[in-house]
$ cat structure.csv   # CSV, C-alpha atoms
chain,number,residue,atom,x,y,z
A,1,MET,CA,124.5,95.7,369.7
A,2,GLN,CA,127.6,93.4,369.7
A,3,LYS,CA,128.1,89.8,370.5
A,4,ILE,CA,131.2,89.3,372.7
A,5,PRO,CA,132.8,86.3,374.4
A,6,LEU,CA,132.3,86.4,378.2
A,7,ASN,CA,136.0,86.9,378.8
A,8,LEU,CA,135.8,90.3,377.1
A,9,ALA,CA,132.8,91.4,379.2
A,10,ALA,CA,133.5,94.2,381.6
A,11,ALA,CA,131.6,96.0,384.4
A,12,GLU,CA,129.1,98.7,383.2
A,13,MET,CA,128.4,97.0,379.9
A,14,VAL,CA,124.6,96.6,379.4
A,15,LEU,CA,123.0,93.4,378.1
A,16,ALA,CA,121.2,93.8,374.8
A,17,ARG,CA,119.6,90.3,375.0
A,18,ASP,CA,118.5,87.9,377.7
A,19,ILE,CA,121.0,85.3,378.8
A,20,PHE,CA,119.6,81.7,379.1
A,21,LYS,CA,121.0,78.7,380.8
A,22,ASN,CA,123.0,76.5,378.5
A,23,ASP,CA,122.6,79.2,375.8
A,24,SER,CA,119.2,77.6,374.9
A,25,PRO,CA,116.1,79.9,374.4
A,26,THR,CA,114.1,77.3,376.3
A,27,GLY,CA,116.5,77.2,379.1
A,28,MET,CA,116.0,79.1,382.3
A,29,PRO,CA,116.6,82.8,381.9
A,30,ILE,CA,119.6,83.8,384.0
A,31,CYS,CA,119.8,87.5,383.3
A,32,GLY,CA,117.5,89.9,381.5
A,33,LYS,CA,118.3,92.4,378.8
A,34,GLY,CA,119.0,95.9,380.1
A,35,THR,CA,120.9,94.6,383.1
A,36,GLU,CA,124.2,96.4,383.8
A,37,LEU,CA,127.1,94.0,384.2
A,38,SER,CA,129.2,94.0,387.4
A,39,ASP,CA,132.4,92.1,388.2
A,40,SER,CA,130.5,89.8,390.6
A,41,LEU,CA,127.8,89.2,388.0
A,42,ILE,CA,130.5,88.4,385.4
A,43,SER,CA,132.2,85.8,387.6
A,44,ARG,CA,128.8,84.2,388.4
A,45,LEU,CA,128.1,83.9,384.6
A,46,GLN,CA,131.5,82.3,384.3
A,47,GLN,CA,130.7,79.8,386.9
A,48,MET,CA,127.4,79.0,385.1
A,49,GLY,CA,129.3,78.2,381.9
A,50,VAL,CA,128.0,81.1,379.8
A,51,GLN,CA,130.2,81.4,376.7
A,52,SER,CA,129.1,84.7,375.0
A,53,LEU,CA,126.6,87.5,375.4
A,54,TYR,CA,125.1,90.4,373.5
A,55,VAL,CA,125.8,93.9,374.9
A,56,GLU,CA,124.5,97.3,373.9
A,57,GLY,CA,126.6,99.6,371.7
A,58,HIS,CA,130.0,98.5,370.4
A,59,PRO,CA,132.3,98.5,373.5
A,60,VAL,CA,134.9,96.0,372.2
A,61,TRP,CA,137.0,96.9,369.2
A,62,GLN,CA,138.8,94.2,367.3
A,63,GLU,CA,140.8,94.3,364.2
A,64,GLY,CA,138.6,94.6,361.1
A,65,ASP,CA,135.7,96.3,362.9
A,66,ARG,CA,134.4,99.3,361.1
A,67,GLY,CA,133.7,102.6,362.8
A,68,LEU,CA,130.4,104.4,362.3
A,69,THR,CA,131.9,107.0,359.9
A,70,GLU,CA,133.2,104.2,357.6
A,71,GLN,CA,129.9,102.3,357.9
A,72,LEU,CA,127.9,105.4,356.8
A,73,ALA,CA,130.3,106.1,353.9
A,74,ASP,CA,129.8,102.5,352.7
A,75,LEU,CA,126.1,102.9,353.1
A,76,GLU,CA,126.1,106.1,351.0
A,77,LYS,CA,128.1,104.3,348.3
A,78,ARG,CA,125.7,101.4,348.2
A,79,PHE,CA,122.8,103.8,347.7
A,80,SER,CA,124.6,106.1,345.3
A,81,LYS,CA,122.8,104.8,342.2
A,82,THR,CA,119.3,105.0,343.6
A,83,MET,CA,119.0,108.0,345.9
A,84,ASP,CA,116.6,109.7,343.4
A,85,ASN,CA,114.1,106.8,344.0
A,86,ARG,CA,112.0,108.1,346.9
A,87,TYR,CA,111.5,104.6,348.4
A,88,ASN,CA,115.2,104.1,348.4
A,89,ALA,CA,115.8,107.5,349.9
A,90,THR,CA,113.4,106.4,352.7
A,91,LEU,CA,115.2,103.1,353.2
A,92,PHE,CA,118.5,105.0,353.3
A,93,GLU,CA,117.3,107.1,356.2
A,94,VAL,CA,116.0,104.1,358.0
A,95,TYR,CA,119.4,102.4,357.7
A,96,ARG,CA,121.3,105.5,358.6
A,97,THR,CA,119.3,105.9,361.8
A,98,HIS,CA,119.7,102.3,362.6
A,99,PHE,CA,123.4,102.1,362.2
A,100,THR,CA,123.9,105.2,364.2
A,101,ALA,CA,121.7,103.9,367.0
A,102,ALA,CA,123.3,100.4,366.9
A,103,MET,CA,126.7,101.8,367.5
A,104,GLY,CA,125.4,103.3,370.7
A,105,ASP,CA,127.3,106.0,372.6
A,106,ASP,CA,130.5,105.2,370.9
A,107,GLY,CA,128.9,106.3,367.6
A,108,GLY,CA,131.2,109.0,366.4
A,109,ARG,CA,134.3,107.1,367.5
A,110,THR,CA,136.6,105.8,364.8
A,111,GLU,CA,138.3,102.5,364.9
A,112,GLU,CA,141.2,102.2,367.4
B,1,MET,CA,119.5,88.9,319.3
B,2,ASP,CA,116.8,86.4,320.0
B,3,GLU,CA,118.7,83.7,318.3
B,4,ARG,CA,121.7,84.2,320.5
B,5,ARG,CA,119.6,84.1,323.5
B,6,SER,CA,117.8,80.9,322.6
B,7,ASP,CA,121.2,79.3,321.7
B,8,LEU,CA,122.4,80.3,325.1
B,9,LYS,CA,119.2,79.0,326.7
B,10,LYS,CA,120.0,75.6,325.1
B,11,ILE,CA,123.5,75.6,326.4
B,12,ILE,CA,122.5,76.8,329.9
B,13,MET,CA,119.7,74.3,330.1
B,14,ASP,CA,121.6,71.4,328.8
B,15,THR,CA,120.1,68.8,331.1
B,16,LYS,CA,123.1,66.5,331.0
B,17,THR,CA,125.2,68.9,333.0
B,18,LEU,CA,122.6,70.8,334.9
B,19,PRO,CA,122.6,70.2,338.7
B,20,THR,CA,119.7,68.1,339.6
B,21,LEU,CA,117.6,68.0,342.7
B,22,PRO,CA,117.8,64.9,344.7
B,23,GLY,CA,114.9,62.5,344.0
B,24,VAL,CA,113.8,62.7,347.6
B,25,ILE,CA,112.6,66.3,347.1
B,26,ASN,CA,110.4,65.4,344.2
B,27,LYS,CA,109.0,62.5,346.2
B,28,LEU,CA,108.3,64.7,349.2
B,29,ASN,CA,106.6,67.2,347.0
B,30,SER,CA,104.3,64.8,345.4
B,31,LEU,CA,103.5,63.2,348.8
B,32,SER,CA,102.8,66.4,350.6
B,33,ASN,CA,100.4,67.5,347.9
B,34,ASP,CA,98.5,64.3,348.5
B,35,ASP,CA,96.1,64.6,351.5
B,36,LYS,CA,96.1,60.9,352.1
B,37,SER,CA,99.8,60.6,352.7
B,38,SER,CA,101.0,60.3,356.2
B,39,VAL,CA,103.9,61.8,358.0
B,40,GLN,CA,105.2,58.2,358.5
B,41,GLU,CA,105.3,57.7,354.7
B,42,MET,CA,107.3,60.9,354.3
B,43,ALA,CA,109.6,60.0,357.1
B,44,ARG,CA,110.3,56.7,355.4
B,45,ILE,CA,111.4,58.5,352.2
B,46,VAL,CA,113.5,60.9,354.2
B,47,SER,CA,115.1,58.1,356.2
B,48,ALA,CA,116.3,56.6,353.0
B,49,ASP,CA,118.6,59.6,352.6
B,50,GLN,CA,121.1,59.4,355.4
B,51,VAL,CA,122.7,62.8,354.8
B,52,LEU,CA,119.3,64.5,354.8
B,53,SER,CA,118.2,62.5,357.9
B,54,ALA,CA,121.3,63.6,359.8
B,55,ARG,CA,120.6,67.3,358.9
B,56,ILE,CA,117.0,67.1,360.0
B,57,LEU,CA,117.8,65.5,363.3
B,58,ARG,CA,120.5,68.0,363.8
B,59,LEU,CA,118.1,70.8,363.2
B,60,ALA,CA,115.4,69.3,365.4
B,61,ASN,CA,117.9,68.9,368.2
B,62,SER,CA,119.4,72.4,367.8
B,63,PRO,CA,118.9,74.8,370.6
B,64,SER,CA,117.1,77.3,368.4
B,65,TYR,CA,114.1,75.0,368.2
B,66,GLY,CA,114.4,74.0,371.8
B,67,PHE,CA,113.2,70.4,371.6
B,68,TYR,CA,115.7,68.1,373.0
B,69,ARG,CA,116.6,64.4,372.2
B,70,VAL,CA,114.6,64.0,369.1
B,71,SER,CA,115.8,60.7,367.7
B,72,THR,CA,113.4,59.6,365.0
B,73,ILE,CA,112.7,61.2,361.7
B,74,SER,CA,109.0,61.0,362.1
B,75,ASN,CA,109.1,62.8,365.4
B,76,ALA,CA,111.4,65.4,363.9
B,77,MET,CA,108.9,65.9,361.1
B,78,ILE,CA,106.0,66.3,363.4
B,79,LEU,CA,107.9,68.8,365.5
B,80,LEU,CA,109.4,70.8,362.7
B,81,GLY,CA,106.5,70.5,360.4
B,82,VAL,CA,106.5,69.0,356.9
B,83,ASN,CA,107.1,72.3,355.2
B,84,VAL,CA,110.2,73.0,357.2
B,85,VAL,CA,111.6,69.6,356.4
B,86,LYS,CA,110.8,70.2,352.7
B,87,SER,CA,112.5,73.6,352.8
B,88,LEU,CA,115.5,72.1,354.6
B,89,ALA,CA,115.8,69.3,352.0
B,90,LEU,CA,115.6,71.8,349.2
B,91,SER,CA,117.9,74.4,350.8
B,92,SER,CA,120.6,72.0,351.8
B,93,SER,CA,120.8,70.7,348.3
B,94,ILE,CA,120.9,74.2,347.0
B,95,PHE,CA,123.6,74.9,349.6
B,96,GLU,CA,125.7,72.1,348.2
B,97,ILE,CA,125.4,73.5,344.7
B,98,MET,CA,126.0,77.1,345.8
B,99,GLU,CA,128.6,76.7,348.5
B,100,LYS,CA,131.1,75.3,346.1
B,101,ASN,CA,130.7,78.4,343.9
B,102,SER,CA,130.7,81.3,346.2
B,103,VAL,CA,130.4,81.8,349.9
B,104,GLY,CA,129.4,85.5,349.4
B,105,LEU,CA,126.5,84.5,347.2
B,106,TRP,CA,125.4,81.9,349.7
B,107,GLU,CA,125.4,84.5,352.4
B,108,HIS,CA,123.5,86.9,350.2
B,109,SER,CA,120.9,84.2,349.6
B,110,LEU,CA,120.7,83.2,353.2
B,111,GLY,CA,120.3,86.8,354.2
B,112,THR,CA,117.6,87.4,351.6
B,113,ALA,CA,115.7,84.3,352.9
B,114,THR,CA,115.9,85.7,356.4
B,115,ALA,CA,114.7,89.1,355.3
B,116,ALA,CA,111.8,87.5,353.3
B,117,GLY,CA,110.7,85.5,356.3
B,118,ILE,CA,110.7,88.6,358.5
B,119,ILE,CA,108.7,90.7,356.0
B,120,ALA,CA,106.2,87.9,355.5
B,121,ARG,CA,105.7,87.4,359.2
B,122,LYS,CA,105.4,91.2,359.8
B,123,LEU,CA,102.8,91.4,357.1
B,124,ALA,CA,101.0,88.3,358.4
B,125,LEU,CA,101.2,86.7,355.0
B,126,PRO,CA,100.3,83.1,354.4
B,127,GLU,CA,103.0,80.5,353.4
B,128,VAL,CA,106.0,82.1,355.2
B,129,GLU,CA,108.1,79.0,354.6
B,130,GLU,CA,107.6,79.1,350.8
B,131,ILE,CA,108.4,82.8,350.8
B,132,THR,CA,111.6,82.1,352.7
B,133,THR,CA,112.6,79.4,350.4
B,134,ALA,CA,111.9,81.6,347.4
B,135,GLY,CA,114.2,84.2,349.0
B,136,LEU,CA,116.9,81.5,349.4
B,137,LEU,CA,116.6,80.5,345.7
B,138,HIS,CA,116.1,83.9,344.1
B,139,ASP,CA,119.7,84.1,342.8
B,140,ILE,CA,120.1,80.5,341.7
B,141,GLY,CA,120.4,81.8,338.1
B,142,LYS,CA,123.8,83.3,339.1
B,143,VAL,CA,125.0,79.9,340.1
B,144,ILE,CA,124.0,78.4,336.8
B,145,ILE,CA,125.5,81.3,334.8
B,146,GLY,CA,128.7,80.8,336.8
B,147,LEU,CA,128.7,77.1,335.9
B,148,LYS,CA,127.6,77.3,332.3
B,149,CYS,CA,129.2,80.6,331.2
B,150,ALA,CA,132.5,80.4,333.0
B,151,GLU,CA,134.3,81.8,330.0
B,152,GLN,CA,132.2,84.9,330.0
B,153,MET,CA,132.4,85.5,333.7
B,154,PRO,CA,135.6,87.6,333.7
B,155,GLU,CA,133.9,89.9,331.1
B,156,ILE,CA,130.8,90.2,333.3
B,157,ARG,CA,132.9,91.0,336.3
B,158,SER,CA,135.0,93.6,334.6
B,159,ARG,CA,131.9,95.3,333.2
B,160,ILE,CA,130.4,95.5,336.7
B,161,LYS,CA,133.7,97.1,337.9
B,162,LEU,CA,134.7,99.3,335.0
B,163,ASP,CA,131.3,100.5,333.8
B,164,ASP,CA,129.8,100.6,337.3
B,165,LEU,CA,126.9,98.3,336.3
B,166,TYR,CA,124.4,96.2,338.2
B,167,ILE,CA,125.2,92.5,337.7
B,168,SER,CA,121.9,92.1,335.8
B,169,ASP,CA,122.9,94.8,333.3
B,170,ALA,CA,126.4,93.4,332.9
B,171,GLU,CA,124.8,89.9,332.3
B,172,LYS,CA,122.4,91.3,329.7
B,173,ALA,CA,125.3,93.2,328.0
B,174,VAL,CA,127.4,90.1,327.7
B,175,LEU,CA,124.9,87.2,327.6
B,176,ASP,CA,121.7,88.8,326.4
B,177,THR,CA,119.9,87.4,329.4
B,178,ASP,CA,120.2,87.8,333.2
B,179,HIS,CA,120.2,85.6,336.3
B,180,ALA,CA,116.5,86.2,337.0
B,181,GLU,CA,115.5,84.8,333.6
B,182,VAL,CA,118.0,81.9,333.8
B,183,GLY,CA,116.6,81.2,337.3
B,184,GLY,CA,113.2,81.1,335.8
B,185,TRP,CA,114.3,78.6,333.2
B,186,LEU,CA,115.9,76.5,335.8
B,187,SER,CA,112.9,76.4,338.1
B,188,LYS,CA,110.8,75.2,335.1
B,189,SER,CA,113.2,72.4,334.5
B,190,TRP,CA,113.2,71.5,338.2
B,191,PHE,CA,109.4,71.6,338.1
B,192,LEU,CA,109.3,74.0,341.1
B,193,PRO,CA,105.8,75.4,341.8
B,194,ASP,CA,104.9,78.8,340.5
B,195,LYS,CA,105.0,80.3,344.0
B,196,LEU,CA,108.7,79.7,343.9
B,197,SER,CA,109.5,80.2,340.2
B,198,GLU,CA,107.7,83.6,339.9
B,199,PRO,CA,109.7,85.3,342.7
B,200,ILE,CA,112.9,83.8,341.2
B,201,ALA,CA,112.2,84.9,337.7
B,202,TYR,CA,110.7,88.4,338.5
B,203,HIS,CA,112.6,89.6,341.6
B,204,HIS,CA,113.9,92.5,339.5
B,205,ASN,CA,110.6,93.1,337.7
B,206,VAL,CA,107.6,92.5,339.9
B,207,ALA,CA,105.2,93.4,337.2
B,208,GLY,CA,106.2,90.3,335.3
B,209,SER,CA,104.7,88.1,338.0
B,210,GLU,CA,101.1,87.1,337.3
B,211,ASP,CA,99.9,84.9,340.0
B,212,HIS,CA,102.2,85.5,342.9
B,213,ARG,CA,102.9,89.2,343.0
B,214,ILE,CA,102.9,89.5,346.7
B,215,LYS,CA,105.5,86.8,347.2
B,216,THR,CA,107.5,88.3,344.3
B,217,SER,CA,107.3,91.7,346.0
B,218,VAL,CA,108.5,90.3,349.3
B,219,VAL,CA,111.5,88.7,347.7
B,220,HIS,CA,112.2,91.8,345.7
B,221,LEU,CA,112.2,93.9,348.9
B,222,ALA,CA,114.2,91.3,350.8
B,223,ASP,CA,116.9,91.4,348.1
B,224,VAL,CA,117.0,95.2,348.3
B,225,LEU,CA,117.2,95.2,352.1
B,226,ILE,CA,120.1,92.7,352.2
B,227,LYS,CA,122.0,94.8,349.6
B,228,ALA,CA,121.3,97.9,351.7
B,229,SER,CA,122.6,96.2,354.7
B,230,GLY,CA,125.8,95.2,352.9
B,231,PHE,CA,125.5,91.6,354.0
B,232,GLY,CA,127.0,88.9,351.8
B,233,ASP,CA,128.1,89.4,348.2
B,234,SER,CA,125.7,89.3,345.3
B,235,GLY,CA,128.1,90.3,342.6
B,236,ASP,CA,127.8,94.1,342.7
B,237,SER,CA,127.5,96.4,345.6
B,238,TYR,CA,124.7,98.8,344.7
B,239,VAL,CA,121.2,98.8,346.2
B,240,PRO,CA,118.7,98.2,343.4
B,241,PRO,CA,115.7,100.6,343.2
B,242,ILE,CA,112.6,99.6,345.1
B,243,GLN,CA,109.8,99.2,342.6
B,244,GLN,CA,106.7,101.2,343.2
B,245,LEU,CA,104.5,98.2,342.4
B,246,ALA,CA,106.2,96.2,345.2
B,247,TRP,CA,105.9,99.0,347.6
B,248,ASP,CA,102.2,99.3,346.8
B,249,GLN,CA,101.5,95.6,346.8
B,250,LEU,CA,103.0,95.2,350.3
B,251,LYS,CA,101.4,98.5,351.5
B,252,LEU,CA,104.7,99.6,353.0
B,253,GLU,CA,105.3,102.7,355.0
B,254,GLU,CA,108.4,104.1,356.7
B,255,SER,CA,107.5,102.9,360.2
B,256,LEU,CA,107.0,99.3,359.0
B,257,LEU,CA,110.3,99.4,357.2
B,258,GLN,CA,111.9,100.6,360.4
B,259,GLU,CA,110.6,97.6,362.3
B,260,ILE,CA,111.6,95.2,359.6
B,261,VAL,CA,115.2,96.7,359.5
B,262,VAL,CA,115.7,96.5,363.2
B,263,GLU,CA,114.5,92.9,363.3
B,264,LEU,CA,116.6,92.0,360.3
B,265,GLU,CA,119.8,93.5,361.6
B,266,ASP,CA,119.3,91.7,364.8
B,267,LYS,CA,118.9,88.4,363.1
B,268,LEU,CA,121.8,88.9,360.7
B,269,VAL,CA,124.1,88.7,363.7
B,270,GLU,CA,123.0,85.1,364.0
B,271,VAL,CA,122.8,84.3,360.3
B,272,LYS,CA,126.5,84.4,359.9
B,273,ASN,CA,126.9,81.8,362.7
B,274,PHE,CA,124.1,79.7,361.1
B,275,SER,CA,125.9,79.9,357.8
B,276,LEU,CA,129.0,78.4,359.4
B,277,GLU,CA,126.9,75.8,361.3
B,278,LEU,CA,125.2,74.7,358.1
B,279,ALA,CA,128.5,74.5,356.4
B,280,SER,CA,129.8,72.1,359.1
B,281,ALA,CA,126.5,70.2,359.0
B,282,ALA,CA,127.0,69.7,355.2
B,283,VAL,CA,130.4,68.2,355.8
B,284,ALA,CA,129.2,66.0,358.7
$ encode --input "structure.csv" --output "structure tokens"
Amino acid sequence: MQKIPLNLAAAEMVLARDIFKNDSPTGMPICGKGTELSDSLISRLQQMGVQSLYVEGHPVWQEGDRGLTEQLADLEKRFSKTMDNRYNATLFEVYRTHFTAAMGDDGGRTEE
Amino acid sequence: MDERRSDLKKIIMDTKTLPTLPGVINKLNSLSNDDKSSVQEMARIVSADQVLSARILRLANSPSYGFYRVSTISNAMILLGVNVVKSLALSSSIFEIMEKNSVGLWEHSLGTATAAGIIARKLALPEVEEITTAGLLHDIGKVIIGLKCAEQMPEIRSRIKLDDLYISDAEKAVLDTDHAEVGGWLSKSWFLPDKLSEPIAYHHNVAGSEDHRIKTSVVHLADVLIKASGFGDSGDSYVPPIQQLAWDQLKLEESLLQEIVVELEDKLVEVKNFSLELASAAVA
């Protein structure tokens, strides 16, 4: 999941969270999570004043973003002292799975 | 050995230069323990502190709560709940003390508070607010060590780096005590309740906690999770071992851990923004 400003949104990206009117959770929901964006939807969101949105995966790469390979290397380093503790080994697996899933289909890609 | 430590304790706990909690927090604490006190009374105390009032109104009006146009402190207190206001008062003064020292540590603390809240809610534990506050405060000892032992800090830092130590071990090697113990001393001198001081003092040694082992276990686990996530900077970059006692106390299992991690990582995206927002609120 990634939070991006609306002007970087593009067709075929998939919403990871609902969008609400005025960005307020009590506002009227405008668009549900799981919705695939289209050009016309994006321009309607622009008209409604939406500033930013959460999309699945990691479609937009900016300077300083870390690719999955680097993220997993960092994770291994952080756990390097405690992998012999079985609870930590369990937690390591949970995080490894989570990071891999969070990066979505672009998982194996390295930073551009 | 012991002498050196008690000397250090004296230096660290020298009350003349120790950061103090604003009087408003002590007054709120004593009022909220008294069944007869009303929200209006508490609101009067809060209103006397303009900075705190501004923060409470700001929070009550923030979109994450979803109430709009809350303009009086007593309404804000009714809407947010007295405990939230108390935590806010405590945490914004902690923030002031901490933020000056290290943004990385502040983020680590805020992240740990978030994690502790998620764990407590997932396990349906009572007193989620207190557990969250304990998470926020768990590393307060590091702030005090940074203030009081500034001369020894370079040595502690270089030990962490060169000898590949956890910050606690480096502190023990240089100072003969560590941030958890110092945090325990501090919370005594601030007269914080045991449900806060035990998680602070024993978040690296759950067995040391006598009356609040569950809360201590939650904060211990929250600290581990945040270090696993790589969020913020707590001084060293290694995940501490999860203690079996904590695992057993919380009756953890892999699937539960999975749910917690997913929810936590989701929240951490926002915590960074919140950290920035609070920073600007503190200036406002």
$ closest_atom_pairs --input "structure.csv" --of "chain A" --to "chain B" --cutoff "9 Å" --atoms "all atoms listed in the file" --output "tab-separated table"
residue	atom	partner	partner_atom	distance
A:Met1	CA	B:Asp266	CA	8.2
A:Gln2	CA	B:Val269	CA	8.4
A:Lys3	CA	B:Val269	CA	8.0
A:Asp23	CA	B:Pro63	CA	7.8
A:Ser24	CA	B:Pro63	CA	5.1
A:Pro25	CA	B:Ser64	CA	6.6
A:Thr26	CA	B:Gly66	CA	5.6
A:Gly27	CA	B:Gly66	CA	8.2
A:Asp74	CA	B:Gly230	CA	8.3
A:Leu75	CA	B:Ala228	CA	7.1
A:Lys77	CA	B:Tyr238	CA	7.4
A:Arg78	CA	B:Tyr238	CA	4.5
A:Phe79	CA	B:Val239	CA	5.5
A:Ser80	CA	B:Tyr238	CA	7.3
A:Lys81	CA	B:Tyr238	CA	6.8
A:Thr82	CA	B:Pro241	CA	5.7
A:Met83	CA	B:Pro241	CA	8.5
A:Asn85	CA	B:Pro241	CA	6.5
A:Arg86	CA	B:Ile242	CA	8.7
A:Tyr87	CA	B:Ile242	CA	6.1
A:Asn88	CA	B:Ile242	CA	6.2
A:Thr90	CA	B:Glu254	CA	6.8
A:Leu91	CA	B:Leu257	CA	7.3
A:Phe92	CA	B:Ala228	CA	7.8
A:Val94	CA	B:Gln258	CA	5.9
A:Tyr95	CA	B:Val261	CA	7.3
A:His98	CA	B:Val262	CA	7.1
$ atom_distance --input "structure.csv" --atom1 "CA of Ser91 in chain B" --atom2 "CA of Ile167 in chain B"
23.5 Å
$ residues_around --input "structure.csv" --residues "Ser38 in chain A" --least-positions-apart "4" --cutoff "12 Å" --atoms "all atoms listed in the file" --output "ChimeraX atom specification"
/A:9-15,42-45
$ residues_near_point --input "structure.csv" --point "(106.6, 62.3, 352.1)" --cutoff "8 Å" --atoms "only C-alpha atoms" --output "number ranges by chain"
B: 27-32, 37-46
$ atom_distance --input "structure.csv" --atom1 "CA of Ser40 in chain A" --atom2 "CA of Asp65 in chain A"
28.9 Å
$ atom_distance --input "structure.csv" --atom1 "CA of Tyr54 in chain A" --atom2 "CA of Leu6 in chain A"
9.5 Å
$ residues_around --input "structure.csv" --residues "Glu107 in chain B" --least-positions-apart "2" --cutoff "9 Å" --atoms "only C-alpha atoms" --output "JSON, numbers by chain"
{"B": [102, 103, 104, 105, 109, 110, 111, 112, 231, 232, 233, 234, 271, 272, 275]}
$ residues_around --input "structure.csv" --residues "range 55-58 of chain B" --least-positions-apart "3" --cutoff "7 Å" --atoms "all atoms listed in the file" --output "PyMOL selection string"
chain B and resi 51-52+61-62+70-71+73+76+85+281
$ write_last_selection --input "structure.csv" --atoms "C-alpha atoms" --output "PDB file, keeping the file's coordinate frame"
ATOM      1  CA  VAL B  51     122.700  62.800 354.800  1.00  0.00           C
ATOM      2  CA  LEU B  52     119.300  64.500 354.800  1.00  0.00           C
ATOM      3  CA  ASN B  61     117.900  68.900 368.200  1.00  0.00           C
ATOM      4  CA  SER B  62     119.400  72.400 367.800  1.00  0.00           C
ATOM      5  CA  VAL B  70     114.600  64.000 369.100  1.00  0.00           C
ATOM      6  CA  SER B  71     115.800  60.700 367.700  1.00  0.00           C
ATOM      7  CA  ILE B  73     112.700  61.200 361.700  1.00  0.00           C
ATOM      8  CA  ALA B  76     111.400  65.400 363.900  1.00  0.00           C
ATOM      9  CA  VAL B  85     111.600  69.600 356.400  1.00  0.00           C
ATOM     10  CA  ALA B 281     126.500  70.200 359.000  1.00  0.00           C
TER      11      ALA B 281
END
$ decode --input "structure.csv" --residues "range 33-45 of chain A" --atoms "N, CA and C atoms" --output "short mmCIF file (atom, residue, chain, number, x, y, z; two decimals), in the first residue's frame"
data_model
loop_
_atom_site.label_atom_id
_atom_site.label_comp_id
_atom_site.auth_asym_id
_atom_site.auth_seq_id
_atom_site.Cartn_x
_atom_site.Cartn_y
_atom_site.Cartn_z
N LYS A 33 -12.67 0.98 -1.38
CA LYS A 33 -11.37 0.35 -1.63
C LYS A 33 -11.57 -0.84 -2.58
N GLY A 34 -10.54 -1.13 -3.37
CA GLY A 34 -10.67 -2.20 -4.36
C GLY A 34 -11.07 -1.67 -5.73
N THR A 35 -11.52 -0.38 -5.76
CA THR A 35 -11.92 0.20 -7.04
C THR A 35 -10.70 0.45 -7.93
N GLU A 36 -10.83 0.11 -9.21
CA GLU A 36 -9.73 0.39 -10.14
C GLU A 36 -9.93 1.80 -10.70
N LEU A 37 -8.86 2.60 -10.66
CA LEU A 37 -8.98 3.98 -11.13
C LEU A 37 -9.04 4.04 -12.66
N SER A 38 -9.78 5.04 -13.15
CA SER A 38 -9.77 5.30 -14.60
C SER A 38 -9.53 6.79 -14.77
N ASP A 39 -9.23 7.22 -15.98
CA ASP A 39 -8.96 8.64 -16.20
C ASP A 39 -10.15 9.51 -15.82
N SER A 40 -11.36 9.03 -16.17
CA SER A 40 -12.54 9.86 -15.87
C SER A 40 -12.76 9.91 -14.35
N LEU A 41 -12.52 8.79 -13.67
CA LEU A 41 -12.68 8.79 -12.21
C LEU A 41 -11.68 9.75 -11.57
N ILE A 42 -10.44 9.73 -12.05
CA ILE A 42 -9.42 10.61 -11.49
C ILE A 42 -9.81 12.07 -11.67
N SER A 43 -10.34 12.42 -12.85
CA SER A 43 -10.70 13.84 -13.04
C SER A 43 -11.91 14.21 -12.17
N ARG A 44 -12.79 13.25 -11.92
CA ARG A 44 -13.91 13.55 -11.00
C ARG A 44 -13.41 13.74 -9.57
N LEU A 45 -12.43 12.92 -9.17
CA LEU A 45 -11.85 13.09 -7.83
C LEU A 45 -11.18 14.45 -7.71
#
